[in-house]
file structure05.tsv (TSV, C-alpha atoms)
chain	number	residue	atom	x	y	z
A	1	MET	CA	-25.31	10.29	-9.90
A	2	THR	CA	-27.36	13.25	-8.70
A	3	GLU	CA	-27.16	15.18	-5.45
A	4	ASN	CA	-30.67	13.99	-4.57
A	5	GLU	CA	-29.64	10.36	-4.96
A	6	ILE	CA	-26.63	10.88	-2.69
A	7	GLU	CA	-28.87	12.57	-0.13
A	8	GLN	CA	-31.29	9.65	-0.29
A	9	PHE	CA	-28.47	7.18	0.37
A	10	ASN	CA	-27.27	9.19	3.37
A	11	HIS	CA	-30.81	9.53	4.71
A	12	GLN	CA	-31.32	5.78	4.30
A	13	LEU	CA	-28.14	5.07	6.27
A	14	SER	CA	-28.65	7.73	8.92
A	15	GLY	CA	-28.10	6.13	12.32
A	16	ALA	CA	-26.80	2.90	10.78
A	17	SER	CA	-23.85	1.12	12.35
A	18	ALA	CA	-20.57	0.70	10.51
A	19	ALA	CA	-21.41	-2.96	9.90
A	20	GLU	CA	-24.79	-1.98	8.44
A	21	ILE	CA	-23.21	0.62	6.15
A	22	VAL	CA	-20.67	-1.93	4.97
A	23	ALA	CA	-23.40	-4.52	4.39
A	24	TRP	CA	-25.27	-1.99	2.26
A	25	ALA	CA	-22.11	-1.10	0.34
A	26	VAL	CA	-21.06	-4.65	-0.52
A	27	ALA	CA	-24.61	-5.47	-1.61
A	28	GLN	CA	-24.15	-2.96	-4.43
A	29	PRO	CA	-22.50	-4.18	-7.64
A	30	GLY	CA	-18.78	-3.57	-8.05
A	31	ALA	CA	-17.75	-2.98	-4.43
A	32	MET	CA	-14.08	-2.61	-3.53
A	33	VAL	CA	-12.13	-1.52	-0.45
A	34	THR	CA	-8.78	0.28	-0.31
A	35	SER	CA	-6.12	-0.14	2.35
A	36	ASN	CA	-2.59	1.09	3.00
A	37	PHE	CA	-2.15	-1.13	6.09
A	38	ARG	CA	-1.70	1.79	8.42
A	39	PRO	CA	-2.72	1.42	12.10
A	40	TYR	CA	-6.24	0.06	12.64
A	41	GLU	CA	-6.75	-0.93	8.99
A	42	ALA	CA	-7.75	-4.43	10.09
A	43	VAL	CA	-11.02	-2.90	11.32
A	44	ILE	CA	-12.38	-1.91	7.90
A	45	LEU	CA	-10.95	-5.05	6.32
A	46	HIS	CA	-12.68	-7.23	8.90
A	47	LEU	CA	-15.98	-5.34	8.50
A	48	VAL	CA	-15.86	-5.83	4.74
A	49	SER	CA	-14.71	-9.46	4.70
A	50	SER	CA	-17.31	-10.36	7.36
A	51	ALA	CA	-20.07	-8.85	5.23
A	52	ARG	CA	-18.97	-10.53	2.01
A	53	SER	CA	-15.96	-12.63	1.15
A	54	GLY	CA	-13.86	-11.94	-1.91
A	55	VAL	CA	-14.27	-8.17	-2.07
A	56	PRO	CA	-11.16	-6.85	-3.86
A	57	VAL	CA	-8.70	-4.93	-1.67
A	58	LEU	CA	-6.67	-2.34	-3.56
A	59	TRP	CA	-3.27	-1.73	-1.96
A	60	VAL	CA	-0.63	0.60	-3.36
A	61	ASP	CA	2.68	-0.94	-2.34
A	62	HIS	CA	5.15	1.84	-3.10
A	63	GLY	CA	8.04	-0.39	-2.07
A	64	ALA	CA	9.24	1.77	0.81
A	65	ASN	CA	7.05	0.49	3.62
A	66	LEU	CA	8.60	-0.57	6.89
A	67	PRO	CA	9.06	-4.33	7.39
A	68	GLU	CA	6.37	-4.21	10.08
A	69	THR	CA	3.86	-2.94	7.53
A	70	TYR	CA	4.56	-5.80	5.14
A	71	LEU	CA	4.22	-8.33	7.96
A	72	PHE	CA	0.96	-6.69	9.04
A	73	ALA	CA	-0.38	-6.86	5.47
A	74	GLU	CA	0.43	-10.56	5.28
A	75	ARG	CA	-1.23	-11.26	8.64
A	76	CYS	CA	-4.37	-9.47	7.49
A	77	ARG	CA	-4.33	-11.28	4.15
A	78	SER	CA	-4.04	-14.65	5.85
A	79	GLN	CA	-6.41	-14.11	8.78
A	80	LEU	CA	-9.15	-12.42	6.74
A	81	ALA	CA	-8.66	-14.35	3.48
A	82	LEU	CA	-8.31	-11.08	1.57
A	83	ASP	CA	-8.41	-10.80	-2.20
A	84	LEU	CA	-5.46	-8.42	-2.08
A	85	ARG	CA	-4.67	-6.59	-5.32
A	86	ALA	CA	-1.26	-4.94	-4.91
A	87	TYR	CA	-0.36	-2.18	-7.35
A	88	LEU	CA	3.28	-1.14	-7.62
A	89	PRO	CA	4.71	2.07	-9.10
A	90	ARG	CA	6.40	1.91	-12.48
A	91	GLN	CA	9.56	3.23	-10.82
A	92	THR	CA	11.08	1.14	-8.03
A	93	ALA	CA	11.70	2.61	-4.60
A	94	ALA	CA	15.45	2.10	-5.12
A	95	HIS	CA	15.29	4.08	-8.36
A	96	TRP	CA	13.36	6.95	-6.74
A	97	LEU	CA	15.78	7.02	-3.81
A	98	ALA	CA	18.80	7.13	-6.13
A	99	LEU	CA	17.34	10.17	-7.89
A	100	ASN	CA	16.36	11.94	-4.68
A	101	GLY	CA	19.33	11.90	-2.35
A	102	GLY	CA	19.15	8.29	-1.21
A	103	HIS	CA	16.63	8.72	1.60
A	104	LEU	CA	12.88	8.96	2.02
A	105	PRO	CA	11.46	12.47	2.32
A	106	THR	CA	10.89	14.02	5.71
A	107	PRO	CA	7.83	16.20	6.39
A	108	ASP	CA	9.77	19.44	5.90
A	109	GLN	CA	10.91	18.41	2.40
A	110	VAL	CA	7.73	19.47	0.63
A	111	ALA	CA	8.96	19.03	-2.94
A	112	ALA	CA	10.31	15.53	-2.21
A	113	VAL	CA	7.10	14.51	-0.43
A	114	GLU	CA	5.04	15.67	-3.40
A	115	SER	CA	7.35	13.88	-5.84
A	116	PHE	CA	7.13	10.63	-3.91
A	117	SER	CA	3.36	10.98	-3.66
A	118	ARG	CA	2.90	11.63	-7.36
A	119	VAL	CA	5.32	9.00	-8.72
A	120	MET	CA	5.17	6.25	-6.13
A	121	LYS	CA	1.60	6.42	-4.83
A	122	LEU	CA	-0.83	8.38	-6.98
A	123	GLU	CA	0.17	6.84	-10.31
A	124	PRO	CA	-0.27	3.20	-9.20
A	125	PHE	CA	-3.43	4.11	-7.29
A	126	GLU	CA	-5.03	5.74	-10.30
A	127	ARG	CA	-3.95	2.81	-12.48
A	128	GLY	CA	-5.50	0.38	-10.01
A	129	MET	CA	-8.74	2.34	-9.88
A	130	ARG	CA	-8.93	2.41	-13.68
A	131	GLU	CA	-8.28	-1.31	-14.02
A	132	LEU	CA	-10.53	-2.47	-11.16
A	133	ALA	CA	-13.15	0.16	-12.02
A	134	PRO	CA	-15.17	-0.06	-8.79
A	135	LYS	CA	-18.75	1.14	-8.66
A	136	VAL	CA	-18.50	1.39	-4.86
A	137	TRP	CA	-15.26	2.40	-3.12
A	138	ILE	CA	-15.18	1.60	0.61
A	139	THR	CA	-12.66	3.57	2.69
A	140	ALA	CA	-11.38	3.75	6.26
A	141	LEU	CA	-11.52	7.56	6.35
A	142	ARG	CA	-12.18	9.07	9.78
A	143	ARG	CA	-12.97	12.64	10.72
A	144	GLU	CA	-10.32	12.83	13.44
A	145	GLN	CA	-7.54	11.98	10.96
A	146	ASN	CA	-7.67	15.40	9.37
A	147	PRO	CA	-9.76	18.35	10.58
A	148	GLN	CA	-9.52	19.92	7.12
A	149	ARG	CA	-11.78	17.31	5.61
A	150	ALA	CA	-13.92	16.49	8.66
A	151	ALA	CA	-16.86	18.75	7.86
A	152	SER	CA	-17.03	17.62	4.23
A	153	LEU	CA	-17.19	13.90	4.87
A	154	ARG	CA	-20.41	11.89	4.81
A	155	ALA	CA	-21.18	8.20	4.89
A	156	VAL	CA	-21.85	8.19	1.14
A	157	GLN	CA	-20.33	10.58	-1.40
A	158	TRP	CA	-19.88	10.67	-5.14
A	159	ASP	CA	-16.30	10.56	-6.38
A	160	ALA	CA	-16.35	12.47	-9.65
A	161	LYS	CA	-12.78	11.54	-10.59
A	162	PHE	CA	-13.34	7.80	-10.43
A	163	GLN	CA	-17.08	7.89	-11.18
A	164	CYS	CA	-18.08	5.76	-8.21
A	165	LEU	CA	-19.81	5.91	-4.86
A	166	LYS	CA	-17.37	6.50	-2.02
A	167	VAL	CA	-18.54	4.92	1.24
A	168	ASN	CA	-16.99	5.86	4.60
A	169	PRO	CA	-18.43	3.51	7.26
A	170	ILE	CA	-16.20	4.43	10.23
A	171	LEU	CA	-16.18	8.22	9.89
A	172	ASP	CA	-16.83	8.93	13.56
A	173	TRP	CA	-14.78	6.15	15.10
A	174	THR	CA	-11.97	7.18	17.44
A	175	ALA	CA	-8.85	5.29	18.50
A	176	PRO	CA	-10.42	3.80	21.66
A	177	LYS	CA	-13.33	2.38	19.64
A	178	LEU	CA	-10.95	0.98	17.05
A	179	GLU	CA	-8.85	-0.61	19.79
A	180	GLU	CA	-11.97	-2.15	21.31
A	181	TYR	CA	-13.01	-3.61	17.95
A	182	LEU	CA	-9.56	-5.10	17.34
A	183	SER	CA	-9.56	-6.70	20.77
A	184	LEU	CA	-13.10	-8.04	20.42
A	185	HIS	CA	-12.33	-9.78	17.14
A	186	GLY	CA	-8.72	-10.79	17.81
A	187	LEU	CA	-7.39	-8.71	14.94
A	188	PRO	CA	-3.76	-7.70	14.32
A	189	ASN	CA	-2.52	-4.13	14.39
A	190	GLU	CA	0.67	-2.26	13.54
A	191	MET	CA	1.63	1.13	14.96
A	192	THR	CA	5.03	1.87	13.36
A	193	TYR	CA	3.57	2.79	9.96
A	194	TYR	CA	5.11	5.71	8.07
A	195	ASP	CA	3.86	7.09	4.76
A	196	PRO	CA	6.53	9.04	2.83
A	197	ALA	CA	3.78	10.36	0.55
A	198	LYS	CA	2.28	12.29	3.44
A	199	GLY	CA	5.12	13.10	5.79
A	200	ASP	CA	2.75	13.92	8.63
A	201	GLU	CA	-0.86	13.31	9.55
A	202	LYS	CA	-2.03	16.73	8.38
A	203	HIS	CA	-0.61	16.43	4.85
A	204	GLU	CA	-2.82	14.90	2.15
A	205	CYS	CA	-1.15	12.40	-0.16
A	206	GLY	CA	-3.79	13.08	-2.81
A	207	LEU	CA	-5.88	9.91	-2.76
A	208	HIS	CA	-8.64	11.57	-0.73
A	209	ALA	CA	-7.66	15.22	-1.02
A	210	LYS	CA	-10.25	16.27	-3.60
A	211	LEU	CA	-13.62	15.87	-1.94
A	212	LEU	CA	-16.76	16.28	-3.97
A	213	THR	CA	-18.29	19.73	-3.93
A	214	ASP	CA	-20.55	19.24	-6.93
A	215	GLU	CA	-22.30	15.91	-6.61
A	216	THR	CA	-24.43	16.52	-9.66
A	217	LYS	CA	-21.43	15.76	-11.88
A	218	ALA	CA	-21.86	12.22	-13.10

call {"tool": "encode", "arguments": {"input": "structure05.tsv", "output": "structure tokens"}}
result
Amino acid sequence: MTENEIEQFNHQLSGASAAEIVAWAVAQPGAMVTSNFRPYEAVILHLVSSARSGVPVLWVDHGANLPETYLFAERCRSQLALDLRAYLPRQTAAHWLALNGGHLPTPDQVAAVESFSRVMKLEPFERGMRELAPKVWITALRREQNPQRAASLRAVQWDAKFQCLKVNPILDWTAPKLEEYLSLHGLPNEMTYYDPAKGDEKHECGLHAKLLTDETKA
């Protein structure tokens, strides 16, 4: 994929709504969406499932989610008829906890956060991406989630690591707009989510940390 092709895609979708970007994305061969069932994830899942049924949903279930997150995932699966593909780490959460002091890492425990991220989240995610091999990866990334990546994000990017288009339909959505969408479509939400692989909202778990700087690499 060349830089010019990526620019053409972004020019084509300039001014398009999130629903229009999603419709374009799922019309491409090999589309897939990822979710971790954090707050507001029902928005991107509803946009995708409304545009086309049966789009695979890659979810890394590291085994240490809160009960509310699992219940939220099941509500989304049922209400939106999701083709949910759960990938689990090769090491159980109980095993990781036993080796790391018996508790999940807190944001100040940098080494433990990085260990959890690498073993419990990145490995199953990379395995899932290899096995599902998407040509188009739809995300729920938003600029306000992390100022460090805000300027680099565009509606369409090339992900050199996974050799696929990365499509970000709701880049500029804010919490009030997400709330409005949930209410309009009667969608569930869950606000008690905690990701031990991040620790806090400013820490990257690694799934989206490496943004493309050289789109000419195919």

call {"tool": "closest_residue", "arguments": {"input": "structure05.tsv", "among": "A:Arg85, A:Cys164, A:Ala112, A:Ala51", "to": "Leu99 in chain A", "atoms": "only C-alpha atoms"}}
result
A:Ala112

call {"tool": "closest_residue", "arguments": {"input": "structure05.tsv", "among": "A:Leu82, A:Ala27, A:Ile21, A:Val43", "to": "Glu179 in chain A", "atoms": "all atoms listed in the file"}}
result
A:Val43

call {"tool": "residues_near_point", "arguments": {"input": "structure05.tsv", "point": "(-10.9, -10.7, 14.1)", "cutoff": "12 Å", "atoms": "only C-alpha atoms", "output": "PyMOL selection string"}}
result
chain A and resi 40-50+75-81+179-189

call {"tool": "closest_residue", "arguments": {"input": "structure05.tsv", "among": "A:Ala93, A:Ala160, A:Ala150, A:Ala175", "to": "Met1 in chain A", "atoms": "only C-alpha atoms"}}
result
A:Ala160

call {"tool": "closest_residue", "arguments": {"input": "structure05.tsv", "among": "A:Trp96, A:Tyr194, A:Phe72, A:Trp137", "to": "Gly30 in chain A", "atoms": "only C-alpha atoms"}}
result
A:Trp137

call {"tool": "atom_distance", "arguments": {"input": "structure05.tsv", "atom1": "CA of Thr174 in chain A", "atom2": "CA of Ala140 in chain A"}}
result
11.7 Å

call {"tool": "residues_around", "arguments": {"input": "structure05.tsv", "residues": "Phe37 in chain A", "least_positions_apart": "2", "cutoff": "7 Å", "atoms": "only C-alpha atoms", "output": "mmCIF file with C-alpha atoms, keeping the file's coordinate frame"}}
result
data_model
loop_
_atom_site.group_PDB
_atom_site.id
_atom_site.type_symbol
_atom_site.label_atom_id
_atom_site.label_comp_id
_atom_site.auth_asym_id
_atom_site.auth_seq_id
_atom_site.Cartn_x
_atom_site.Cartn_y
_atom_site.Cartn_z
ATOM 1 C CA SER A 35 -6.120 -0.140 2.350
ATOM 2 C CA PRO A 39 -2.720 1.420 12.100
ATOM 3 C CA GLU A 41 -6.750 -0.930 8.990
ATOM 4 C CA THR A 69 3.860 -2.940 7.530
ATOM 5 C CA ALA A 73 -0.380 -6.860 5.470
#

call {"tool": "residues_around", "arguments": {"input": "structure05.tsv", "residues": "Ala64 in chain A", "least_positions_apart": "2", "cutoff": "9 Å", "atoms": "all atoms listed in the file", "output": "ChimeraX atom specification"}}
result
/A:61-62,66-67,93-94,104,195-196

call {"tool": "residues_around", "arguments": {"input": "structure05.tsv", "residues": "Gln8 in chain A", "least_positions_apart": "6", "cutoff": "12 Å", "atoms": "all atoms listed in the file", "output": "number ranges by chain"}}
result
A: 1-2, 14, 155-157

call {"tool": "residues_around", "arguments": {"input": "structure05.tsv", "residues": "Pro124 in chain A", "least_positions_apart": "4", "cutoff": "7 Å", "atoms": "all atoms listed in the file", "output": "mmCIF file with C-alpha atoms, in the coordinates of the input"}}
result
data_model
loop_
_atom_site.group_PDB
_atom_site.id
_atom_site.type_symbol
_atom_site.label_atom_id
_atom_site.label_comp_id
_atom_site.auth_asym_id
_atom_site.auth_seq_id
_atom_site.Cartn_x
_atom_site.Cartn_y
_atom_site.Cartn_z
ATOM 1 C CA VAL A 60 -0.630 0.600 -3.360
ATOM 2 C CA TYR A 87 -0.360 -2.180 -7.350
ATOM 3 C CA LEU A 88 3.280 -1.140 -7.620
ATOM 4 C CA PRO A 89 4.710 2.070 -9.100
ATOM 5 C CA MET A 120 5.170 6.250 -6.130
ATOM 6 C CA GLY A 128 -5.500 0.380 -10.010
#

call {"tool": "closest_residue", "arguments": {"input": "structure05.tsv", "among": "A:Leu178, A:Val110, A:Ala86, A:Val22", "to": "Arg127 in chain A", "atoms": "all atoms listed in the file"}}
result
A:Ala86

call {"tool": "closest_residue", "arguments": {"input": "structure05.tsv", "among": "A:Pro105, A:Glu131, A:Asp159, A:Arg142", "to": "Ser117 in chain A", "atoms": "only C-alpha atoms"}}
result
A:Pro105

call {"tool": "atom_distance", "arguments": {"input": "structure05.tsv", "atom1": "CA of Trp59 in chain A", "atom2": "CA of Lys161 in chain A"}}
result
18.5 Å

call {"tool": "atom_distance", "arguments": {"input": "structure05.tsv", "atom1": "CA of Gln91 in chain A", "atom2": "CA of Val119 in chain A"}}
result
7.5 Å

call {"tool": "residues_around", "arguments": {"input": "structure05.tsv", "residues": "Ala151 in chain A", "least_positions_apart": "4", "cutoff": "12 Å", "atoms": "only C-alpha atoms", "output": "PyMOL selection string"}}
result
chain A and resi 142-147+155+171-172+211+213

call {"tool": "decode", "arguments": {"input": "structure05.tsv", "residues": "range 146-177 of chain A", "atoms": "N, CA and C atoms", "output": "short mmCIF file (atom, residue, chain, number, x, y, z; two decimals), in the first residue's frame"}}
result
data_model
loop_
_atom_site.label_atom_id
_atom_site.label_comp_id
_atom_site.auth_asym_id
_atom_site.auth_seq_id
_atom_site.Cartn_x
_atom_site.Cartn_y
_atom_site.Cartn_z
N ASN A 146 -6.07 9.93 23.92
CA ASN A 146 -4.64 10.07 24.20
C ASN A 146 -4.05 11.18 23.32
N PRO A 147 -3.73 12.32 23.92
CA PRO A 147 -3.19 13.44 23.14
C PRO A 147 -1.91 13.09 22.39
N GLN A 148 -1.17 12.09 22.87
CA GLN A 148 0.09 11.72 22.23
C GLN A 148 -0.11 11.21 20.81
N ARG A 149 -1.24 10.58 20.56
CA ARG A 149 -1.46 10.02 19.24
C ARG A 149 -2.46 10.82 18.42
N ALA A 150 -3.03 11.87 19.01
CA ALA A 150 -4.12 12.60 18.35
C ALA A 150 -3.73 13.13 16.99
N ALA A 151 -2.57 13.79 16.90
CA ALA A 151 -2.19 14.44 15.65
C ALA A 151 -1.86 13.43 14.56
N SER A 152 -1.49 12.23 14.94
CA SER A 152 -1.06 11.23 13.96
C SER A 152 -2.22 10.45 13.35
N LEU A 153 -3.36 10.47 14.00
CA LEU A 153 -4.47 9.64 13.57
C LEU A 153 -5.23 10.23 12.39
N ARG A 154 -5.61 9.34 11.47
CA ARG A 154 -6.46 9.71 10.34
C ARG A 154 -7.53 8.64 10.18
N ALA A 155 -8.52 8.93 9.36
CA ALA A 155 -9.61 7.97 9.18
C ALA A 155 -9.09 6.65 8.64
N VAL A 156 -8.14 6.71 7.71
CA VAL A 156 -7.56 5.49 7.13
C VAL A 156 -6.04 5.57 7.23
N GLN A 157 -5.45 4.52 7.75
CA GLN A 157 -3.99 4.41 7.85
C GLN A 157 -3.56 3.04 7.37
N TRP A 158 -2.27 2.89 7.16
CA TRP A 158 -1.73 1.57 6.83
C TRP A 158 -1.00 1.05 8.06
N ASP A 159 -1.36 -0.15 8.50
CA ASP A 159 -0.67 -0.77 9.62
C ASP A 159 0.38 -1.71 9.06
N ALA A 160 1.64 -1.29 9.15
CA ALA A 160 2.73 -2.05 8.56
C ALA A 160 2.94 -3.38 9.28
N LYS A 161 2.71 -3.41 10.59
CA LYS A 161 2.95 -4.64 11.34
C LYS A 161 2.01 -5.75 10.90
N PHE A 162 0.73 -5.41 10.75
CA PHE A 162 -0.26 -6.43 10.40
C PHE A 162 -0.66 -6.40 8.93
N GLN A 163 -0.02 -5.52 8.17
CA GLN A 163 -0.21 -5.48 6.71
C GLN A 163 -1.69 -5.36 6.35
N CYS A 164 -2.34 -4.35 6.93
CA CYS A 164 -3.75 -4.14 6.65
C CYS A 164 -4.09 -2.66 6.77
N LEU A 165 -5.23 -2.29 6.18
CA LEU A 165 -5.75 -0.94 6.38
C LEU A 165 -6.32 -0.85 7.79
N LYS A 166 -6.05 0.26 8.44
CA LYS A 166 -6.59 0.51 9.78
C LYS A 166 -7.56 1.68 9.66
N VAL A 167 -8.81 1.44 9.97
CA VAL A 167 -9.87 2.43 9.76
C VAL A 167 -10.41 2.88 11.11
N ASN A 168 -10.43 4.21 11.31
CA ASN A 168 -10.83 4.81 12.59
C ASN A 168 -12.04 5.72 12.38
N PRO A 169 -13.25 5.17 12.38
CA PRO A 169 -14.43 5.96 11.99
C PRO A 169 -14.87 7.03 12.99
N ILE A 170 -14.56 6.86 14.29
CA ILE A 170 -15.09 7.79 15.29
C ILE A 170 -13.98 8.60 15.94
N LEU A 171 -12.98 8.95 15.16
CA LEU A 171 -11.82 9.68 15.68
C LEU A 171 -12.18 10.91 16.48
N ASP A 172 -13.12 11.70 15.98
CA ASP A 172 -13.41 13.00 16.59
C ASP A 172 -14.64 12.99 17.49
N TRP A 173 -15.15 11.83 17.79
CA TRP A 173 -16.29 11.75 18.69
C TRP A 173 -15.85 11.99 20.13
N THR A 174 -16.68 12.69 20.87
CA THR A 174 -16.45 12.95 22.29
C THR A 174 -17.49 12.20 23.11
N ALA A 175 -17.30 12.18 24.42
CA ALA A 175 -18.20 11.44 25.30
C ALA A 175 -19.67 11.85 25.13
N PRO A 176 -19.99 13.14 25.06
CA PRO A 176 -21.41 13.50 24.88
C PRO A 176 -22.01 12.92 23.60
N LYS A 177 -21.24 12.91 22.51
CA LYS A 177 -21.77 12.35 21.26
C LYS A 177 -21.94 10.84 21.37
#
